[in-house]
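Everything below concerns the one structure shown next.
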Amino acid sequence: MTNDPNWKLPDVPAFDLTSPDFAHGDVLPTSARGSDVGGEDRSPALTWSGAPEGTQSYVLTVYDPDAPTGSGFWHWSVTDIPASVTSLEAGAGTDDALLPEGATRRRNEYGTDTFLGAAPPAGHGPHRYVFTVSALDVPVLELPDGATPAVVGFMLREHLLGRAQLVGTQETPAA
């Protein structure tokens with residue numbers, strides 16, 4: 001994958017990540033588009049299974065490697081998801097009541113801690129949105145307040161046991 005979000009992370013065993021809202025490689029639901037392009041900025045439902053033995057927590061990130069920034073664009077991250085949790089409901093990206101106890105939403109590229117829906121520039125072609133659930137060997141990832149997804153990735157590196165990924169796409173046609 002061009003601009004792969006894992007290119008500097010260790011190779012680890014894969015496990016499964018699915019969504020009832022979209023299949024791997026398919027278009028994201030309209031609700032997962034940005035509100036400024038007709039969506040709801042609503043994170044899709046996600047379910048994972050098959051994490052490696054020894055998993056003590058999960059981290060979820062959503063990354064657009066096709067954003068015209070030179071470094072991609074991070075749409076969402078959540079850390080400290082307890083190992084007993086294997087799914088998030090649709091809307092967990094903006095509604096704290098839908099996050100499991102102990103989980104913490106982290107900053108996205110806009111500086112907010114909520115799910116930022118897909119909104120690729122018009123006529124820029126399809127963008128990929130890489131949903132990644134990382135299994136960690138610690139119950140809590142020690143992070144400073146305001147940690148960005150890049151810092152999250154740096155800090156989870158030493159604790160990474162496994163990774164599950166699901167890719168959705170979205171495009172904004174030229175006007």
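Identifiers in the structure tokens: chain A, B, ... in order shown; residue index from 1 per chain; ligand index from 1 in order shown.
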Mind the document's chain letters and residue numbers, and return as a tab-separated table (two decimals) with C-alpha atoms, in the first residue's frame the residues of range 11-167 of chain A that DSSP labels alpha helix (DSSP H).
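The result, written out as selection-v4.tsv:
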chain	number	residue	atom	x	y	z
A	149	PRO	CA	-1.86	9.76	16.25
A	150	ALA	CA	1.83	9.94	15.27
A	151	VAL	CA	2.80	9.91	18.95
A	152	VAL	CA	0.30	7.09	19.58
A	153	GLY	CA	1.99	5.08	16.81
A	154	PHE	CA	5.42	5.76	18.23
A	155	MET	CA	4.41	4.72	21.75
A	156	LEU	CA	2.51	1.56	20.76
* Asked: Excluding same-chain residues fewer than 2 positions from Phe15 in chain A, what lies within 6 Å of it counting only C-alpha atoms, as a list in words?
  -> Gly50, Ala51 and Ala164 of chain A
* Can you pull out every residue within 8 Å of range 126-137 of chain A, counting only C-alpha atoms, but drop anything in the same chain fewer than 4 positions away, and send it as number ranges by chain? => A: 17, 48, 51-52, 54-67, 118, 120, 156, 159-172
* Nearest to Ala175 in chain A, chosen from A:Pro144, A:His124, A:Arg106, A:Ile81, with only C-alpha atoms counted in the distances ->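 The shortest atom-to-atom distance to Ala175 in chain A comes from A:His124.
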* Using only C-alpha atoms, which of A:Ser71, A:Ser31, A:Thr104, A:Ser49 sits nearest Ser84 in chain A? ->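 Of the candidates, the smallest distance to Ser84 in chain A is held by A:Ser49.
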* Pairwise distance for CA of Ala122 in chain A and CA of Ala90 in chain A, rounded to one decimal in Å ->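 CA of Ala90 in chain A lies 25.9 Å from CA of Ala122 in chain A.
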* **Distance query range 94-101 of chain A at most 7 Å, only C-alpha atoms, self and fewer than 2 positions along chain excluded, as a ChimeraX atom specification** => /A:81,88-89,91-92,103,114-115
Write a file of the selected residues as a PDB file, in the first residue's frame, keeping N, CA, C and O atoms.
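What ended up in part01.pdb:
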ATOM      1  N   ILE A  81      -8.437   0.717  24.913  1.00  0.00           N
ATOM      2  CA  ILE A  81      -9.657  -0.077  24.799  1.00  0.00           C
ATOM      3  C   ILE A  81      -9.373  -1.399  25.511  1.00  0.00           C
ATOM      4  O   ILE A  81      -8.419  -2.093  25.160  1.00  0.00           O
ATOM      5  N   LEU A  88     -16.935  -1.811  18.650  1.00  0.00           N
ATOM      6  CA  LEU A  88     -17.382  -0.454  18.953  1.00  0.00           C
ATOM      7  C   LEU A  88     -18.629  -0.194  18.124  1.00  0.00           C
ATOM      8  O   LEU A  88     -18.686  -0.551  16.941  1.00  0.00           O
ATOM      9  N   GLU A  89     -19.613   0.430  18.740  1.00  0.00           N
ATOM     10  CA  GLU A  89     -20.847   0.755  18.038  1.00  0.00           C
ATOM     11  C   GLU A  89     -20.625   1.920  17.088  1.00  0.00           C
ATOM     12  O   GLU A  89     -19.737   2.753  17.304  1.00  0.00           O
ATOM     13  N   GLY A  91     -20.946   5.449  15.797  1.00  0.00           N
ATOM     14  CA  GLY A  91     -21.081   6.686  16.543  1.00  0.00           C
ATOM     15  C   GLY A  91     -20.153   6.812  17.733  1.00  0.00           C
ATOM     16  O   GLY A  91     -20.120   7.863  18.382  1.00  0.00           O
ATOM     17  N   ALA A  92     -19.379   5.775  18.040  1.00  0.00           N
ATOM     18  CA  ALA A  92     -18.461   5.837  19.183  1.00  0.00           C
ATOM     19  C   ALA A  92     -17.411   6.929  19.016  1.00  0.00           C
ATOM     20  O   ALA A  92     -16.803   7.358  19.988  1.00  0.00           O
ATOM     21  N   ALA A 103     -11.475   3.644  27.828  1.00  0.00           N
ATOM     22  CA  ALA A 103     -10.989   4.023  26.502  1.00  0.00           C
ATOM     23  C   ALA A 103     -10.884   5.545  26.410  1.00  0.00           C
ATOM     24  O   ALA A 103     -11.683   6.272  26.996  1.00  0.00           O
ATOM     25  N   THR A 114     -12.593  13.738  18.146  1.00  0.00           N
ATOM     26  CA  THR A 114     -13.737  13.009  17.604  1.00  0.00           C
ATOM     27  C   THR A 114     -13.413  12.439  16.229  1.00  0.00           C
ATOM     28  O   THR A 114     -12.437  12.834  15.590  1.00  0.00           O
ATOM     29  N   PHE A 115     -14.258  11.518  15.793  1.00  0.00           N
ATOM     30  CA  PHE A 115     -14.121  10.944  14.452  1.00  0.00           C
ATOM     31  C   PHE A 115     -14.393  12.035  13.427  1.00  0.00           C
ATOM     32  O   PHE A 115     -15.425  12.710  13.472  1.00  0.00           O
TER      33      PHE A 115
END
Would you kindly return, as a PDB file with N, CA, C and O atoms, in the first residue's frame, each protein, DNA or RNA residue with an atom no farther than 10 Å from any atom of Gly111 in chain A, considering only C-alpha atoms and excluding same-chain residues fewer than 3 positions away?
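File written: selection-v1.pdb
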ATOM      1  N   HIS A  75      -7.708  10.538  10.912  1.00  0.00           N
ATOM      2  CA  HIS A  75      -9.093  10.923  11.160  1.00  0.00           C
ATOM      3  C   HIS A  75      -9.579  10.621  12.572  1.00  0.00           C
ATOM      4  O   HIS A  75     -10.542  11.229  13.028  1.00  0.00           O
ATOM      5  N   ARG A 106      -8.279  10.210  21.200  1.00  0.00           N
ATOM      6  CA  ARG A 106      -7.097  11.057  21.048  1.00  0.00           C
ATOM      7  C   ARG A 106      -7.305  12.031  19.894  1.00  0.00           C
ATOM      8  O   ARG A 106      -8.218  11.874  19.091  1.00  0.00           O
ATOM      9  N   ARG A 107      -6.422  12.986  19.771  1.00  0.00           N
ATOM     10  CA  ARG A 107      -6.527  14.022  18.738  1.00  0.00           C
ATOM     11  C   ARG A 107      -6.449  13.452  17.327  1.00  0.00           C
ATOM     12  O   ARG A 107      -5.737  12.490  17.065  1.00  0.00           O
ATOM     13  N   ASN A 108      -7.163  14.112  16.413  1.00  0.00           N
ATOM     14  CA  ASN A 108      -7.011  13.843  14.989  1.00  0.00           C
ATOM     15  C   ASN A 108      -6.217  15.004  14.377  1.00  0.00           C
ATOM     16  O   ASN A 108      -5.728  15.868  15.098  1.00  0.00           O
ATOM     17  N   THR A 114     -12.593  13.738  18.146  1.00  0.00           N
ATOM     18  CA  THR A 114     -13.737  13.009  17.604  1.00  0.00           C
ATOM     19  C   THR A 114     -13.413  12.439  16.229  1.00  0.00           C
ATOM     20  O   THR A 114     -12.437  12.834  15.590  1.00  0.00           O
ATOM     21  N   GLY A 146      -3.071  15.363  24.889  1.00  0.00           N
ATOM     22  CA  GLY A 146      -2.956  15.967  23.562  1.00  0.00           C
ATOM     23  C   GLY A 146      -2.133  15.166  22.582  1.00  0.00           C
ATOM     24  O   GLY A 146      -1.781  15.672  21.520  1.00  0.00           O
ATOM     25  N   ALA A 147      -1.810  13.913  22.896  1.00  0.00           N
ATOM     26  CA  ALA A 147      -0.999  13.084  21.989  1.00  0.00           C
ATOM     27  C   ALA A 147      -1.681  12.953  20.629  1.00  0.00           C
ATOM     28  O   ALA A 147      -2.876  12.690  20.542  1.00  0.00           O
ATOM     29  N   THR A 148      -0.908  13.135  19.599  1.00  0.00           N
ATOM     30  CA  THR A 148      -1.401  12.987  18.229  1.00  0.00           C
ATOM     31  C   THR A 148      -1.318  11.516  17.816  1.00  0.00           C
ATOM     32  O   THR A 148      -0.622  10.723  18.464  1.00  0.00           O
TER      33      THR A 148
END
* Residue contacts of Gly39 in chain A (10 Å, only C-alpha atoms) excluding same-chain residues fewer than 2 positions away, as a PyMOL selection string -> chain A and resi 29-37+41-42+117-119
* **Which of range 8-164 of chain A fall in strand (DSSP E), as a ChimeraX atom specification** => /A:16-18,46-49,57-64,73-82,87-88,104-106,127-136,160-164
* Asked: Which of these, A:Asp16, A:Asp4, A:Asp11, A:Asp145, has the shortest distance to Glu158 in chain A once you count only C-alpha atoms?
  ->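 Answer, going by the shortest atom-to-atom distance: A:Asp11.
Taking CA of Ser43 in chain A and CA of Leu116 in chain A as the two end points, the separation is 8.0 Å.
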